[in-house]
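Remarks on the structure that follows.
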Amino acid sequence: MNKSNVGGHGPSRAVRALAWSLAVLAACVLSACGGGSDSGAAAQEAGLSAVAALGEKIFSDASLSASGGQSCASCHNPAHAHAQNNAFSVQLGGPNLDISGFRAVPSLRYLSFNPVFSFDAEGTPIGGFNRDGRAQSLAEQAQRPFLAPHEMANASKADVVARLTQTSYVDEFRKVFGAAVFDNTDEAFDRAVFALQRYQIEDSGFHPFDSKYDLFLAGKAQLNAAELRGLALFNNPAKGNCAACHTSARGADGSPPLFTDFSFDNLGVPRDSAIPATADASYFDLGLCGPDRTDLASRAELCGAFKVPTLRNVATRKVFFHNGRFGNLRDALRFYVRRDTNPEEWYPTVGGVVQKFDDLPPQYRANVNTSEAPYNRQPGMAPALTENEIDDVMQFLGTLNDGYQAQ
């Protein structure tokens with residue numbers, strides 16, 4: 001399989017662009033749907049259905065965890081673009097909030113526009129939720145944190161439901177989903193994660209489309225000279241080539257860009273020793289082919305590929321890439337353009353030999369994207385972007401932050 005197809009590029013981009021437009025349209029339709037009776041003035045003012053208003057309470061309720069100290073909002077903080085508010089590579093959870101996770105926390109912003117996971121006509125994987133695309137909906141994605149030992153750490157769905165029955169909003173839950181909803185554990189749990197899905201779909205805070213770049217596209221704001229230079233570099237296929245995966249143009253239907261084409265790519269990100277699991281030299285996170293995802297374990301050509309995230313709010317992130325290996329945006333960008341020209345800056349040297357792509361077993365290192373700019377370089381060649389050009393790209397990426405206020 002062509003590595004560029006694993007990364008989601010090549011002739012199938014037109015197919016993905018259509019899928020993206022359809023996904024945006026579908027999500028917009030869903031956002032307009034109601035979902036139950038009115039749950040009060042607060043929900044009305046926020047424009048949320050009763051189901052979504054209930055989901056908002058569940059999202060922020062730490063009592064639903066085994067520790068009593070962790071909620072969805074703990075890792076997906078609304079004040080930090082629904083991402084983490086600290087610089088840990090991975091977060092701590094469990095009954096005593098001392099068990100380390102395995103992957104960096106993704107932002108929940110704009111996820112409601114994701115298509116379900118599939119392979120396109122050319123066999124390219126697209127879409128899905130989680131970094132490996134294994135969940136097929138926001139509701140399915142919301143199931144794992146409740147039950148994962150390193151997250152909210154409930155032993156079973158029954159434990160989650162039992163905790164729900166002790167909340168201050170239990171009567172509201174019954175009103176929305178029926179008086180007998182708690183008679184069936186699986187049904188009650190499914191209703192809870194469905195409410196979380198509705199909250200993420202309906203609450204505009206998860207997809208405000210109010211960045212400076214959005215206003216620029218609408219003709220209501222101007223980018224400064226550095227931002228315009230950064231945009232040009234971002235789009236230039238011979239320079240940053242970022243737009244090859246992080247679409248920056250409006251959809252065919254005029255919908256705003258999501259800065260992802262929902263594809264998967266293998267970037268050969270360096271191993272992160274800050275993740276306790278990496279103390280075991282045999283441990284590797286292979287994305288699409290495991291260990292969390294099991295249905296594609298036999299697809300060796302997919303090993304090491306992770307979902308391309310949106311770059312909206314990327315300048316607010318505390319850590320970058322699936323393993324949180326980089327702690328600032330500049331280093332992440334420098335890695336992109338200097339990975340192949342200066343590999344010694346990023347990977348360990350053993351016996352005088354740089355161990356490139358050290359977070360992959362040797363048999364999968366050929367899967368790493370080395371064919372497209374800015375990765376199509378060799379040691380001794382000039383990086384695709386200079387330090388000054390990186391400055392400009394950073395300026396542009398700052399225009400993707402939600403909540404822009406004109407000066």
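Going through the structure tokens in order, the chains are called A, B, and so on, while each chain numbers its residues from 1 and the ligands are numbered from 1 in the order shown.
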Practice problem: Once DSSP has gone over the backbone, tell me which residues of stretch 159-392 of chain A are in helix (DSSP H, G or I), as a ChimeraX atom specification. | Solution: /A:159-164,170-177,181-183,185-202,204-206,212-217,225-235,242-244,276-279,300-302,314-316,329-338,343-345,362-367,387-392
Self-check item: Contacts of stretch 137-149 of chain A within 6 Å, only C-alpha atoms, excl. fewer than 2 positions in-chain, as number ranges by chain
Solution: A: 94, 135, 151-154, 193-194, 197
How would the residues just chosen look if you wrote them out with N, CA, C and O atoms as a CSV table (one decimal), in the first residue's frame?
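Printed below is again23.csv as written:
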chain,number,residue,atom,x,y,z
A,94,GLY,N,-7.8,6.9,37.6
A,94,GLY,CA,-7.9,5.8,38.5
A,94,GLY,C,-8.5,6.2,39.8
A,94,GLY,O,-8.8,7.3,40.0
A,135,ALA,N,-13.9,4.5,17.6
A,135,ALA,CA,-15.3,4.8,18.0
A,135,ALA,C,-16.0,5.4,16.8
A,135,ALA,O,-15.5,6.2,16.1
A,151,GLU,N,-8.6,6.1,33.8
A,151,GLU,CA,-9.4,7.3,33.7
A,151,GLU,C,-10.4,7.4,34.8
A,151,GLU,O,-10.0,7.4,36.0
A,152,MET,N,-11.7,7.3,34.6
A,152,MET,CA,-12.7,7.5,35.7
A,152,MET,C,-12.8,6.2,36.5
A,152,MET,O,-13.3,6.2,37.6
A,153,ALA,N,-12.4,5.1,35.9
A,153,ALA,CA,-12.1,3.8,36.6
A,153,ALA,C,-13.3,3.2,37.3
A,153,ALA,O,-13.2,2.5,38.3
A,154,ASN,N,-14.5,3.3,36.7
A,154,ASN,CA,-15.6,2.5,37.2
A,154,ASN,C,-15.4,1.1,36.8
A,154,ASN,O,-15.0,0.8,35.7
A,193,VAL,N,-24.4,8.4,27.9
A,193,VAL,CA,-23.5,8.8,26.9
A,193,VAL,C,-24.1,9.5,25.7
A,193,VAL,O,-23.5,10.3,25.0
A,194,PHE,N,-25.4,9.1,25.4
A,194,PHE,CA,-26.1,9.8,24.4
A,194,PHE,C,-26.3,11.3,24.8
A,194,PHE,O,-26.2,12.2,23.9
A,197,GLN,N,-23.3,13.1,24.0
A,197,GLN,CA,-23.2,13.3,22.6
A,197,GLN,C,-24.0,14.5,22.2
A,197,GLN,O,-23.6,15.4,21.4
Practice problem: Name all residues at most 7 Å from stretch 294-301 of chain A (count only C-alpha atoms; drop same-chain ones fewer than 3 positions away) and give them as an NGL selection string. | Solution: :A and (1 or 288-291 or 367)
Store the residues picked out above, limited to N, CA, C and O atoms, as a PDB file, in the first residue's frame.
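again.pdb written:
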ATOM      1  N   MET A   1       0.850  -1.204   0.000  1.00  0.00           N
ATOM      2  CA  MET A   1       0.000   0.000   0.000  1.00  0.00           C
ATOM      3  C   MET A   1       0.879   1.245   0.000  1.00  0.00           C
ATOM      4  O   MET A   1       1.844   1.337   0.737  1.00  0.00           O
ATOM      5  N   LEU A 288      -3.638   2.787  14.522  1.00  0.00           N
ATOM      6  CA  LEU A 288      -4.672   2.043  13.821  1.00  0.00           C
ATOM      7  C   LEU A 288      -4.611   0.542  14.054  1.00  0.00           C
ATOM      8  O   LEU A 288      -5.646  -0.136  14.030  1.00  0.00           O
ATOM      9  N   CYS A 289      -3.411   0.001  14.266  1.00  0.00           N
ATOM     10  CA  CYS A 289      -3.333  -1.461  14.407  1.00  0.00           C
ATOM     11  C   CYS A 289      -3.090  -1.898  15.853  1.00  0.00           C
ATOM     12  O   CYS A 289      -2.727  -3.050  16.089  1.00  0.00           O
ATOM     13  N   GLY A 290      -3.335  -1.021  16.833  1.00  0.00           N
ATOM     14  CA  GLY A 290      -3.298  -1.455  18.214  1.00  0.00           C
ATOM     15  C   GLY A 290      -2.396  -0.599  19.101  1.00  0.00           C
ATOM     16  O   GLY A 290      -1.709   0.284  18.606  1.00  0.00           O
ATOM     17  N   PRO A 291      -2.416  -0.849  20.404  1.00  0.00           N
ATOM     18  CA  PRO A 291      -3.104  -1.955  21.082  1.00  0.00           C
ATOM     19  C   PRO A 291      -4.570  -1.695  21.417  1.00  0.00           C
ATOM     20  O   PRO A 291      -5.319  -2.652  21.641  1.00  0.00           O
ATOM     21  N   ASN A 367       6.679   2.503   7.260  1.00  0.00           N
ATOM     22  CA  ASN A 367       5.346   3.094   7.117  1.00  0.00           C
ATOM     23  C   ASN A 367       5.346   4.609   7.295  1.00  0.00           C
ATOM     24  O   ASN A 367       4.370   5.278   6.937  1.00  0.00           O
TER      25      ASN A 367
END
Exercise. Identify, with DSSP run on backbone atoms, the residues in stretch 209-314 of chain A assigned to strand (DSSP E), and express the list as an NGL selection string.
Key: :A and (264-265 or 306-307)
Do you have, as a Markdown table, the list of residues of stretch 58-172 of chain A lying at most 12 Å from stretch 244-267 of chain A, each with its nearest atom pair and that distance in Å to one decimal, counting only C-alpha atoms and ordered by chain then number?
| residue | atom | partner | partner_atom | distance |
| --- | --- | --- | --- | --- |
| A:Arg109 | CA | A:Leu258 | CA | 10.0 |
| A:Tyr110 | CA | A:Leu258 | CA | 7.4 |
| A:Leu111 | CA | A:Leu258 | CA | 9.5 |
| A:Ser112 | CA | A:Leu258 | CA | 10.9 |
| A:Phe113 | CA | A:Leu258 | CA | 8.4 |
| A:Asn114 | CA | A:Phe262 | CA | 7.1 |
| A:Pro115 | CA | A:Phe262 | CA | 7.8 |
| A:Val116 | CA | A:Phe262 | CA | 9.7 |
| A:Phe117 | CA | A:Phe262 | CA | 9.1 |
| A:Ser118 | CA | A:Ser263 | CA | 10.1 |
| A:Phe119 | CA | A:Ser263 | CA | 9.9 |
| A:Asp120 | CA | A:Ser263 | CA | 10.4 |
| A:Gly123 | CA | A:Ser263 | CA | 11.5 |
| A:Thr124 | CA | A:Ser263 | CA | 7.8 |
| A:Pro125 | CA | A:Ser263 | CA | 6.3 |
| A:Ile126 | CA | A:Ser263 | CA | 4.6 |
| A:Gly127 | CA | A:Phe262 | CA | 4.9 |
| A:Gly128 | CA | A:Phe262 | CA | 8.0 |
| A:Phe129 | CA | A:Phe262 | CA | 9.7 |
| A:Asn130 | CA | A:Phe262 | CA | 11.4 |
| A:Arg131 | CA | A:Phe264 | CA | 9.0 |
| A:Asp132 | CA | A:Phe264 | CA | 8.3 |
| A:Gly133 | CA | A:Phe264 | CA | 8.9 |
Quiz item: Quick one: of A:Gln166, A:Ser211, A:Thr316, A:Asn224, who's nearest to A:Ala83, counting only C-alpha atoms?
Solution: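 Among the listed residues, A:Thr316 lies closest to A:Ala83.
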Could you produce a table of the residues of stretch 199-226 of chain A lying within 12 Å of stretch 49-72 of chain A, with the nearest pair of atoms per residue and their separation in Å rounded to one decimal, using only C-alpha atoms, ordered by chain and increasing residue number, as JSON lines?
{"residue": "A:Tyr199", "atom": "CA", "partner": "A:Ala52", "partner_atom": "CA", "distance": 4.1}
{"residue": "A:Gln200", "atom": "CA", "partner": "A:Ala52", "partner_atom": "CA", "distance": 7.8}
{"residue": "A:Ile201", "atom": "CA", "partner": "A:Ala52", "partner_atom": "CA", "distance": 8.3}
{"residue": "A:Glu202", "atom": "CA", "partner": "A:Ala52", "partner_atom": "CA", "distance": 6.8}
{"residue": "A:Asp203", "atom": "CA", "partner": "A:Ala52", "partner_atom": "CA", "distance": 7.8}
{"residue": "A:Ser204", "atom": "CA", "partner": "A:Ala52", "partner_atom": "CA", "distance": 11.5}
{"residue": "A:Gly205", "atom": "CA", "partner": "A:Glu56", "partner_atom": "CA", "distance": 11.4}
{"residue": "A:Phe206", "atom": "CA", "partner": "A:Glu56", "partner_atom": "CA", "distance": 11.6}
Quiz item: Quick one, how far is atom CA of A:Gly93 from atom CA of A:His150?
Solution: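 Answer for the atom CA of A:Gly93 to atom CA of A:His150 separation: 4.7 Å.
As for atom CA of A:Pro276 and atom CA of A:Ile99, they are spaced 9.5 Å apart.
Atom pair atom CA of A:Pro106 / atom CA of A:Arg338 has a distance of 24.4 Å (rounded to one decimal).
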Self-check item: Within 12 Å of stretch 232-235 of chain A using only C-alpha atoms, minus same-chain residues under 6 positions, as a PyMOL selection string
Solution: chain A and resi 223+225-226+241-249+259+311+333+373-374+384-386+388-397
